[in-house]
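Structure data follow from upload.cif (mmCIF, C-alpha atoms):
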```cif
data_start
#
loop_
_atom_site.label_atom_id
_atom_site.label_comp_id
_atom_site.auth_asym_id
_atom_site.auth_seq_id
_atom_site.Cartn_x
_atom_site.Cartn_y
_atom_site.Cartn_z
CA MET A 1 132.95 92.76 83.01
CA GLU A 2 133.45 89.68 80.93
CA HIS A 3 132.71 89.83 77.29
CA GLU A 4 129.88 87.72 76.04
CA ARG A 5 128.70 87.11 72.54
CA LYS A 6 125.07 87.81 72.20
CA PRO A 7 123.09 86.05 69.52
CA ASN A 8 120.88 87.87 67.09
CA LEU A 9 117.22 87.06 66.73
CA VAL A 10 115.34 87.26 63.47
CA VAL A 11 111.71 86.28 63.25
CA MET A 12 110.26 86.08 59.76
CA GLY A 13 107.26 83.89 60.34
CA GLU A 14 105.72 83.23 63.66
CA SER A 15 107.75 82.33 66.69
CA THR A 16 107.81 82.19 70.44
CA THR A 17 110.91 82.85 72.50
CA ALA A 18 111.60 82.77 76.19
CA GLY A 19 113.57 86.02 76.06
CA GLY A 20 117.09 86.55 77.33
CA ARG A 21 119.94 88.61 76.00
CA PHE A 22 120.29 89.34 72.34
CA GLY A 23 122.35 91.51 70.06
CA LYS A 24 120.09 92.65 67.28
CA VAL A 25 116.47 91.62 67.19
CA ARG A 26 114.46 91.92 64.02
CA ILE A 27 110.80 90.97 63.85
CA MET A 28 109.23 90.83 60.44
CA GLY A 29 106.51 88.39 61.31
CA GLN A 30 104.93 87.76 64.62
CA ALA A 31 106.88 87.07 67.78
CA ASP A 32 105.82 86.24 71.26
CA VAL A 33 108.37 86.78 74.03
CA THR A 34 107.41 85.07 77.24
CA GLY A 35 110.20 86.21 79.54
CA PRO A 36 112.24 89.36 80.04
CA MET A 37 114.27 90.37 77.01
CA GLU A 38 117.35 92.55 76.83
CA CYS A 39 118.92 93.54 73.55
CA ASP A 40 121.15 96.06 71.85
CA GLY A 41 118.77 96.97 69.10
CA VAL A 42 115.29 95.93 68.15
CA ARG A 43 113.40 96.62 64.93
CA VAL A 44 109.80 95.55 64.67
CA MET A 45 108.21 95.55 61.28
CA GLY A 46 105.61 93.01 62.24
CA GLN A 47 104.12 92.28 65.60
CA LEU A 48 105.85 91.74 68.89
CA GLU A 49 104.23 90.78 72.10
CA ALA A 50 106.38 90.84 75.20
CA ARG A 51 104.81 89.23 78.24
CA SER A 52 107.46 90.65 80.53
CA ASP A 53 110.00 93.48 80.64
CA LEU A 54 111.74 94.68 77.53
CA SER A 55 114.96 96.63 77.43
CA ALA A 56 116.94 97.81 74.45
CA GLU A 57 119.49 100.45 73.57
CA THR A 58 117.64 101.40 70.43
CA ALA A 59 114.22 100.43 69.20
CA LEU A 60 112.41 101.19 65.98
CA ILE A 61 108.78 100.20 65.85
CA LEU A 62 107.13 100.26 62.46
CA GLY A 63 104.65 97.54 63.29
CA GLN A 64 102.93 96.81 66.53
CA VAL A 65 104.40 96.17 69.94
CA VAL A 66 102.56 95.16 73.06
CA CYS A 67 104.61 95.01 76.24
CA ARG A 68 103.00 93.73 79.42
CA GLY A 69 105.92 94.69 81.65
CA ASP A 70 108.16 97.73 81.90
CA MET A 71 110.15 99.03 78.98
CA VAL A 72 113.56 100.64 79.20
CA VAL A 73 114.85 101.91 75.87
CA GLY A 74 117.68 104.27 75.09
CA LYS A 75 116.47 105.66 71.81
CA LEU A 76 112.91 104.82 70.90
CA ASP A 77 111.32 105.65 67.58
CA VAL A 78 107.69 104.65 67.10
CA LYS A 79 106.10 104.87 63.71
CA GLY A 80 103.60 102.13 64.33
CA ALA A 81 101.80 101.36 67.53
CA LEU A 82 103.15 100.72 71.00
CA THR A 83 101.18 99.66 74.03
CA CYS A 84 103.02 99.35 77.31
CA ALA A 85 101.22 98.07 80.38
CA GLY A 86 104.01 99.08 82.77
CA HIS A 87 106.34 102.06 82.85
CA LEU A 88 108.15 103.26 79.76
CA SER A 89 111.46 104.99 80.27
CA THR A 90 113.64 106.24 77.47
CA SER A 91 116.32 108.80 76.98
CA GLN A 92 115.06 109.83 73.58
CA LEU A 93 111.48 109.30 72.54
CA LYS A 94 110.30 110.07 69.05
CA THR A 95 106.87 109.03 67.95
CA ALA A 96 104.78 109.55 64.90
CA GLY A 97 102.49 106.65 65.66
CA GLU A 98 100.32 105.64 68.49
CA VAL A 99 101.70 105.20 71.97
CA ALA A 100 99.70 104.09 74.99
CA VAL A 101 101.35 103.71 78.37
CA LYS A 102 99.55 102.53 81.49
CA GLY A 103 102.24 103.57 83.93
CA ASN A 104 104.66 106.46 83.80
CA CYS A 105 106.45 107.56 80.69
CA GLY A 106 109.81 109.24 81.04
CA ALA A 107 112.23 110.68 78.52
CA ASP A 108 115.11 113.11 78.58
CA TRP A 109 113.93 114.46 75.29
CA ALA A 110 110.64 113.73 73.58
CA LEU A 111 109.07 114.59 70.26
CA ILE A 112 105.47 113.47 69.99
CA ARG A 113 103.78 113.76 66.65
CA GLY A 114 101.11 111.14 66.96
CA ALA A 115 98.48 109.94 69.32
CA LEU A 116 99.58 109.50 72.89
CA SER A 117 97.91 108.31 76.02
CA VAL A 118 99.69 108.09 79.35
CA GLU A 119 97.73 107.09 82.42
CA GLY A 120 100.50 108.04 84.80
CA LEU A 121 103.11 110.76 84.66
CA LEU A 122 104.71 111.93 81.44
CA SER A 123 108.01 113.45 82.37
CA ALA A 124 110.77 114.90 80.22
CA ASP A 125 113.45 117.54 80.31
CA GLU A 126 112.25 118.85 77.02
CA ALA A 127 109.15 117.76 75.14
CA ARG A 128 107.65 118.96 71.91
CA VAL A 129 104.12 117.84 71.12
CA VAL A 130 102.89 118.41 67.59
CA LEU A 131 99.16 117.84 67.64
CA HIS A 132 98.66 115.39 64.82
CA GLY A 133 96.47 113.22 66.96
CA PRO A 134 94.71 113.19 70.29
CA CYS A 135 97.00 113.29 73.32
CA ARG A 136 95.72 112.37 76.71
CA VAL A 137 98.02 112.48 79.72
CA ARG A 138 97.09 112.46 83.36
CA GLU A 139 100.06 114.34 84.69
CA MET A 140 102.96 116.10 83.01
CA GLY A 141 106.19 117.09 84.70
CA MET A 142 108.61 118.84 82.42
CA GLY A 143 111.55 121.10 82.13
CA ARG A 144 110.23 122.68 78.98
CA LEU A 145 107.01 121.79 77.20
CA MET A 146 106.05 123.05 73.79
CA VAL A 147 102.75 122.16 72.21
CA GLU A 148 102.18 123.26 68.65
CA LEU A 149 99.89 122.67 65.70
CA PRO A 150 101.22 120.70 62.78
CA LYS A 151 102.43 122.85 59.94
CA TRP A 152 101.15 121.96 56.51
CA PRO A 153 103.16 122.88 53.47
CA TRP A 154 100.30 124.82 51.89
CA GLY A 155 98.68 127.23 54.31
CA GLN A 156 95.37 125.70 55.32
CA PRO A 157 95.26 122.58 57.42
CA MET A 158 94.03 119.59 55.46
CA ARG A 159 92.89 117.56 58.41
CA LYS A 160 91.54 118.16 61.84
CA HIS A 161 94.24 118.48 64.40
CA GLY A 162 94.17 116.83 67.81
CA THR A 163 94.12 118.32 71.26
CA LEU A 164 96.12 117.72 74.38
CA VAL A 165 94.10 116.81 77.43
CA ALA A 166 95.87 116.70 80.77
CA ASP A 167 94.93 116.93 84.41
CA VAL A 168 98.02 118.66 85.73
CA ILE A 169 100.89 120.22 83.80
CA GLU A 170 103.90 121.27 85.85
CA ALA A 171 106.98 122.63 84.14
CA ASP A 172 109.56 125.36 84.08
CA VAL A 173 108.45 126.75 80.75
CA VAL A 174 105.22 125.91 78.93
CA ASP A 175 104.01 127.03 75.57
CA LEU A 176 100.58 125.58 74.80
CA VAL A 177 97.98 125.54 72.07
CA HIS A 178 94.73 123.60 71.95
CA THR A 179 95.24 122.19 75.39
CA ARG A 180 92.65 121.37 77.97
CA ALA A 181 93.98 121.08 81.49
CA ARG A 182 92.82 121.48 85.03
CA VAL A 183 95.98 122.98 86.43
CA VAL A 184 99.02 124.49 84.74
CA ARG A 185 101.89 125.41 87.04
CA ALA A 186 105.04 126.86 85.58
CA GLN A 187 107.53 129.68 85.86
CA ALA A 188 106.75 130.98 82.40
CA VAL A 189 103.39 130.27 80.80
CA ARG A 190 102.31 131.09 77.27
CA LEU A 191 98.85 130.09 76.16
CA GLY A 192 97.97 130.05 72.51
CA PRO A 193 94.62 129.66 70.76
CA GLY A 194 92.23 126.94 71.80
CA CYS A 195 93.46 126.50 75.37
CA GLU A 196 90.98 125.76 78.11
CA ILE A 197 92.64 125.87 81.49
CA GLU A 198 90.90 125.92 84.82
CA CYS A 199 93.75 127.26 86.86
CA VAL A 200 97.09 128.75 85.90
CA GLU A 201 99.81 129.38 88.47
CA TYR A 202 102.89 131.16 87.21
CA SER A 203 105.86 132.74 88.88
CA ARG A 204 107.74 134.65 86.19
CA SER A 205 105.72 135.46 83.12
CA TYR A 206 102.25 134.89 81.73
CA GLU A 207 100.88 135.54 78.30
CA ALA A 208 97.58 134.40 76.82
CA HIS A 209 95.98 134.49 73.41
CA PRO A 210 92.58 136.25 73.38
CA SER A 211 90.83 133.00 72.49
CA ALA A 212 92.35 131.08 75.36
CA ARG A 213 89.82 130.40 78.09
CA VAL A 214 91.28 130.56 81.56
CA GLU A 215 89.22 130.55 84.70
CA ARG A 216 91.78 131.55 87.29
CA VAL A 217 95.27 132.99 87.04
CA THR A 218 97.51 133.34 90.08
CA ASP A 219 100.94 134.87 90.28
CA VAL A 220 102.66 132.64 92.78
CA GLY A 221 105.97 134.45 92.48
CA ALA A 222 104.55 137.69 93.88
CA ALA A 223 103.05 135.99 96.92
CA GLY A 224 106.16 134.14 98.03
CA MET B 1 102.28 106.88 109.54
CA ASP B 2 102.77 110.16 111.31
CA GLU B 3 105.56 111.73 109.32
CA GLU B 4 105.42 115.41 108.67
CA LEU B 5 104.53 116.11 105.04
CA ILE B 6 105.51 118.93 102.77
CA SER B 7 103.60 119.99 99.70
CA LYS B 8 105.30 120.09 96.33
CA LYS B 9 105.08 123.84 96.05
CA GLU B 10 106.58 124.40 99.49
CA LEU B 11 109.34 121.96 98.69
CA LEU B 12 110.32 123.76 95.50
CA ASP B 13 110.44 127.09 97.33
CA LEU B 14 112.32 125.74 100.29
CA ALA B 15 114.87 123.75 98.33
CA GLY B 16 115.17 126.30 95.56
CA ILE B 17 114.72 123.83 92.73
CA SER B 18 112.47 123.85 89.70
CA TYR B 19 109.79 121.45 88.49
CA GLY B 20 112.15 120.35 85.74
CA GLN B 21 114.83 119.32 88.21
CA LEU B 22 112.41 117.57 90.52
CA TYR B 23 110.93 115.51 87.70
CA ARG B 24 114.33 114.78 86.22
CA TRP B 25 115.54 113.41 89.55
CA LYS B 26 112.39 111.39 89.91
CA ARG B 27 112.87 109.97 86.44
CA LYS B 28 116.46 109.06 87.21
CA LYS B 29 115.18 107.32 90.36
CA LEU B 30 117.05 109.63 92.68
CA ILE B 31 113.77 110.24 94.46
CA PRO B 32 111.76 107.07 95.07
CA GLU B 33 108.25 106.80 93.74
CA GLU B 34 106.89 106.02 97.23
CA TRP B 35 107.75 109.49 98.42
CA PHE B 36 105.24 111.04 96.02
CA ILE B 37 102.16 110.91 98.19
CA ARG B 38 98.90 111.95 96.61
CA LYS B 39 96.29 113.59 98.75
CA SER B 40 93.16 115.42 97.87
CA THR B 41 92.95 119.01 98.99
CA PHE B 42 90.41 121.71 98.27
CA THR B 43 92.20 122.54 95.01
CA GLY B 44 92.05 118.94 93.84
CA GLN B 45 94.75 116.33 94.11
CA GLU B 46 98.11 117.51 95.30
CA THR B 47 101.40 115.77 95.81
CA PHE B 48 103.11 115.69 99.16
CA PHE B 49 106.46 114.37 100.34
CA PRO B 50 107.82 113.12 103.64
CA ARG B 51 109.44 116.34 104.75
CA ASP B 52 112.69 115.27 106.39
CA LYS B 53 113.51 112.52 103.94
CA ILE B 54 112.98 114.60 100.84
CA LEU B 55 114.82 117.64 102.12
CA SER B 56 117.89 115.67 103.14
CA ARG B 57 117.80 113.76 99.87
CA ILE B 58 117.66 116.94 97.82
CA GLU B 59 120.60 118.34 99.78
CA GLN B 60 122.54 115.18 99.00
CA ILE B 61 121.69 115.39 95.32
CA LYS B 62 122.63 119.03 95.09
CA GLN B 63 125.91 118.33 96.79
CA TRP B 64 126.87 115.47 94.50
CA LYS B 65 125.25 116.26 91.18
CA ASP B 66 128.11 118.28 89.75
CA ASP B 67 130.74 115.63 90.41
CA VAL B 68 128.87 112.41 89.84
CA PRO B 69 126.67 111.49 86.86
CA LEU B 70 123.02 111.14 87.84
CA ASP B 71 122.81 107.46 86.94
CA GLU B 72 125.75 106.70 89.18
CA LEU B 73 124.26 108.78 91.94
CA ALA B 74 120.99 106.89 91.65
CA LYS B 75 122.84 103.65 92.29
CA ARG B 76 124.48 105.06 95.38
CA LEU B 77 121.24 106.40 96.77
CA SER B 78 119.02 103.41 96.07
CA PRO B 79 118.58 100.85 98.82
CA ASP B 80 119.30 98.03 96.39
CA GLY B 81 122.35 95.99 97.00
CA ILE B 82 125.42 96.64 94.97
CA ASP B 83 128.00 94.29 93.63
CA LEU B 84 130.83 94.94 95.96
CA GLU B 85 133.15 93.02 98.20
CA ARG B 86 135.37 94.25 100.96
CA ALA B 87 137.73 92.58 103.34
CA VAL B 88 136.59 92.88 106.94
CA ASP B 89 139.88 94.43 107.93
CA ASP B 90 139.47 97.13 105.29
CA LEU B 91 136.10 98.08 106.71
CA VAL B 92 137.66 98.58 110.09
CA ARG B 93 140.59 100.49 108.64
CA LEU B 94 138.28 102.80 106.70
CA GLY B 95 136.42 103.47 109.91
CA ILE B 96 133.11 102.20 108.54
CA VAL B 97 132.66 99.68 111.30
CA SER B 98 134.30 99.47 114.70
CA ASP B 99 136.71 96.77 115.70
CA LEU B 100 134.23 95.56 118.28
CA ALA B 101 131.55 95.08 115.62
CA ARG B 102 133.99 93.06 113.56
CA ARG B 103 134.88 90.84 116.51
CA LEU B 104 131.25 90.16 117.27
CA TYR B 105 130.57 89.29 113.65
CA ALA B 106 133.62 87.04 113.63
CA GLU B 107 132.25 85.16 116.63
CA VAL B 108 129.21 84.20 114.56
CA TYR B 109 131.05 83.72 111.26
CA PRO B 110 134.63 82.95 112.26
CA ARG B 111 135.79 82.24 108.75
CA ALA B 112 134.46 85.33 107.02
CA ARG B 113 137.35 87.32 105.59
CA VAL B 114 135.91 89.00 102.53
CA LEU B 115 132.31 90.14 102.80
CA ALA B 116 129.70 90.62 100.12
CA PHE B 117 127.52 93.69 100.32
CA ARG B 118 124.76 91.94 102.21
CA GLU B 119 127.18 90.83 104.88
CA ILE B 120 128.75 94.25 105.08
CA VAL B 121 125.29 95.56 105.90
CA ALA B 122 125.09 93.06 108.75
CA VAL B 123 128.36 94.26 110.25
CA TYR B 124 127.33 97.84 109.73
CA LEU B 125 124.04 97.28 111.55
CA VAL B 126 125.91 95.69 114.43
CA HIS B 127 128.22 98.66 114.44
CA GLU B 128 125.33 101.12 114.49
CA ALA B 129 123.60 99.16 117.24
CA LEU B 130 126.70 99.25 119.41
CA GLN B 131 127.24 102.94 118.69
CA SER B 132 123.81 103.73 120.04
CA GLY B 133 124.91 102.55 123.44
CA GLN B 134 121.53 100.89 124.02
CA VAL B 135 122.44 97.41 122.90
CA SER B 136 124.42 94.87 124.86
CA LEU B 137 127.19 92.81 123.31
CA ASP B 138 125.13 89.68 123.50
CA GLU B 139 122.16 91.32 121.80
CA ALA B 140 124.39 92.76 119.10
CA ARG B 141 125.69 89.27 118.40
CA GLN B 142 122.14 87.99 118.07
CA LEU B 143 121.43 90.74 115.57
CA VAL B 144 123.70 89.02 113.06
CA SER B 145 121.53 85.94 112.85
CA ALA B 146 118.32 87.93 113.20
CA TYR B 147 119.39 89.98 110.21
CA GLU B 148 120.22 86.87 108.18
CA GLN B 149 116.71 85.62 108.85
CA SER B 150 114.95 88.85 108.05
CA VAL B 151 116.68 89.58 104.74
CA THR B 152 115.20 86.40 103.38
CA VAL B 153 111.76 87.87 104.02
CA PHE B 154 112.46 91.51 103.16
CA ARG B 155 114.48 90.96 100.04
CA ASP B 156 114.33 94.57 98.93
CA MET B 157 115.85 95.65 102.26
CA GLN B 158 112.85 97.88 102.95
CA MET B 159 112.65 97.08 106.61
CA ARG B 160 113.09 98.45 110.06
CA ILE B 161 114.79 96.47 112.76
CA ASP B 162 113.90 97.10 116.38
CA LEU B 163 115.27 95.77 119.60
CA VAL B 164 112.36 95.19 121.95
CA ARG B 165 113.24 94.62 125.55
CA LYS B 166 111.13 93.50 128.45
CA LEU B 167 112.45 92.72 131.91
CA GLY B 168 115.96 92.83 130.55
CA VAL B 169 115.35 90.29 127.83
CA GLY B 170 115.85 91.67 124.37
CA ILE B 171 114.52 90.30 121.12
CA TRP B 172 115.06 91.57 117.62
CA LEU B 173 112.04 92.44 115.55
CA ALA B 174 112.10 93.11 111.81
CA ARG B 175 109.13 94.73 110.15
CA ALA B 176 108.12 96.73 107.09
CA PRO B 177 109.18 100.35 107.64
CA ASN B 178 105.73 101.75 108.30
CA ALA B 179 104.05 98.68 109.71
CA GLU B 180 102.24 99.20 112.97
CA VAL B 181 103.25 97.14 115.95
CA VAL B 182 101.74 97.32 119.36
CA LEU B 183 103.96 96.30 122.23
CA ASP B 184 103.24 95.05 125.66
CA PRO B 185 103.17 98.25 127.77
CA GLN B 186 105.97 96.93 129.94
CA ALA B 187 108.20 96.38 126.94
CA ASN B 188 110.13 99.14 125.27
CA VAL B 189 112.01 99.66 122.05
CA ALA B 190 115.62 100.05 123.04
CA PHE B 191 117.01 100.57 119.57
CA SER B 192 115.52 100.99 116.17
CA ILE B 193 117.10 101.34 112.75
CA ASP B 194 115.68 101.83 109.27
CA VAL B 195 117.73 99.41 107.21
CA ALA B 196 117.11 101.09 103.85
CA ARG B 197 118.38 104.38 105.22
CA ALA B 198 121.35 102.75 106.87
CA ILE B 199 122.23 101.16 103.54
CA GLU B 200 122.10 104.52 101.80
CA GLN B 201 124.53 105.95 104.33
CA LEU B 202 126.72 102.91 104.11
CA LYS B 203 126.88 103.15 100.34
CA LEU B 204 127.94 106.75 100.44
CA LYS B 205 130.76 105.71 102.75
CA LEU B 206 131.81 102.77 100.63
CA MET B 207 131.84 104.47 97.25
#
```
Encoded form using structure tokens:
Amino acid sequence: MEHERKPNLVVMGESTTAGGRFGKVRIMGQADVTGPMECDGVRVMGQLEARSDLSAETALILGQVVCRGDMVVGKLDVKGALTCAGHLSTSQLKTAGEVAVKGNCGADWALIRGALSVEGLLSADEARVVLHGPCRVREMGMGRLMVELPKWPWGQPMRKHGTLVADVIEADVVDLVHTRARVVRAQAVRLGPGCEIECVEYSRSYEAHPSARVERVTDVGAAG
Amino acid sequence: MDEELISKKELLDLAGISYGQLYRWKRKKLIPEEWFIRKSTFTGQETFFPRDKILSRIEQIKQWKDDVPLDELAKRLSPDGIDLERAVDDLVRLGIVSDLARRLYAEVYPRARVLAFREIVAVYLVHEALQSGQVSLDEARQLVSAYEQSVTVFRDMQMRIDLVRKLGVGIWLARAPNAEVVLDPQANVAFSIDVARAIEQLKLKLM
């Protein structure tokens, strides 16, 4: 492949760009991208609105990003707010902010410590959800899913924690707390306090905290 | 659509894979989104798959996954075109297309020596048509131009090409893979090929 020099893009004030290929993109002010944009790295301290697809190898979002198309990012770190109207696919997703995805959200590895809403499928090989905020996902498909409460340095929690609400959770291994779901299907299921599950289907192991409310438990492994 | 469906749970049992693997392959686009068919059942919404397609795909993935990185495999399995050129003679030498298919293609495009992927697909379709034994030489030659026409409509290559014949006169018909067509009862479909699937096979041969 031929080598091309990609320009950098820095927006300090307010600017509109048609998109294209860039090296490093830094947004301190407000930027409006009207076409598809591809870049090596993007840092948003201000506001970025992408009207079309956005792809980057690394992205750090401290401000606000709205993407109306699909997003493909290698390493994504959100400390601000991200809204994606299409699908979001990453290899590494780390968020401590607010993420809202209309389509599917995929990651090889995900650490979610903020608010999250996914209207499609959230899929990852390994995901850790620390319930700092409300998480709402329609469908989860995972290798390993761990949901835990935030740990505060001095014993008692200072704030209210969030809950995870999902329709279907399917994974190899799940370890849940404060989760409300209709169906949980996994090989190994562990339910901690505050879980409300309508139907659990497991095939290898099942363990539940006394305060977990489960309507139906089926051992699928024994049947087939 | 009257394909046989398989539920997700059955699929996992039958193929011996886990949820994690299934979702990973979906995420890597090894399994197309369209194959995840949602249907409501008495236990709520469930996901189903086209049985034959998904089972053969999973076999393919299992066979290749240890040798080929998943991203590379996704490219080979997707029906999208790839950036690739081959000399016509090489295709014949590699046994991908027959010599007869090449000659027919050369009658339409006498000056074609090196083919882009899209053109390779054309020769491959001609080859497949001839292999079926249902298509005459003249009809196979017409397929080349019929294909050229139809790819401009079905840019994503998601199409099915049929040869409809009535009273010995054959015409080529390109349509979306699951689109309904009703034929004159005296006409019959002599040959039919799913182009997206043919491309998948072709890619595995080329790469």
For chain B, work out the contacting residues on chain A at 9 Å, counting only C-alpha atoms, and write them as number ranges by chain. A: 89, 105-108, 123-126, 141-144, 170-173, 185-187, 224
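A straight line drawn from atom CA of A:Lys75 to atom CA of A:Val189 is 29.3 Å long.
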Evaluate the PyMOL selection byres ((chain B and resi 159) around 7) against this structure - the residues, as a PyMOL selection string, please. chain B and resi 154+157-158+160-161+174-177+194-196
Apply the PyMOL selection byres ((chain B and resi 200) around 9) to the displayed file and report the matching residues as a PyMOL selection string. chain B and resi 76-80+195-199+201-205
Quick one: which residues end up in the PyMOL selection byres ((chain B and resi 139) around 9) for this structure, as an MDAnalysis selection string? chainID B and resid 135:138 140:143 163 170:172
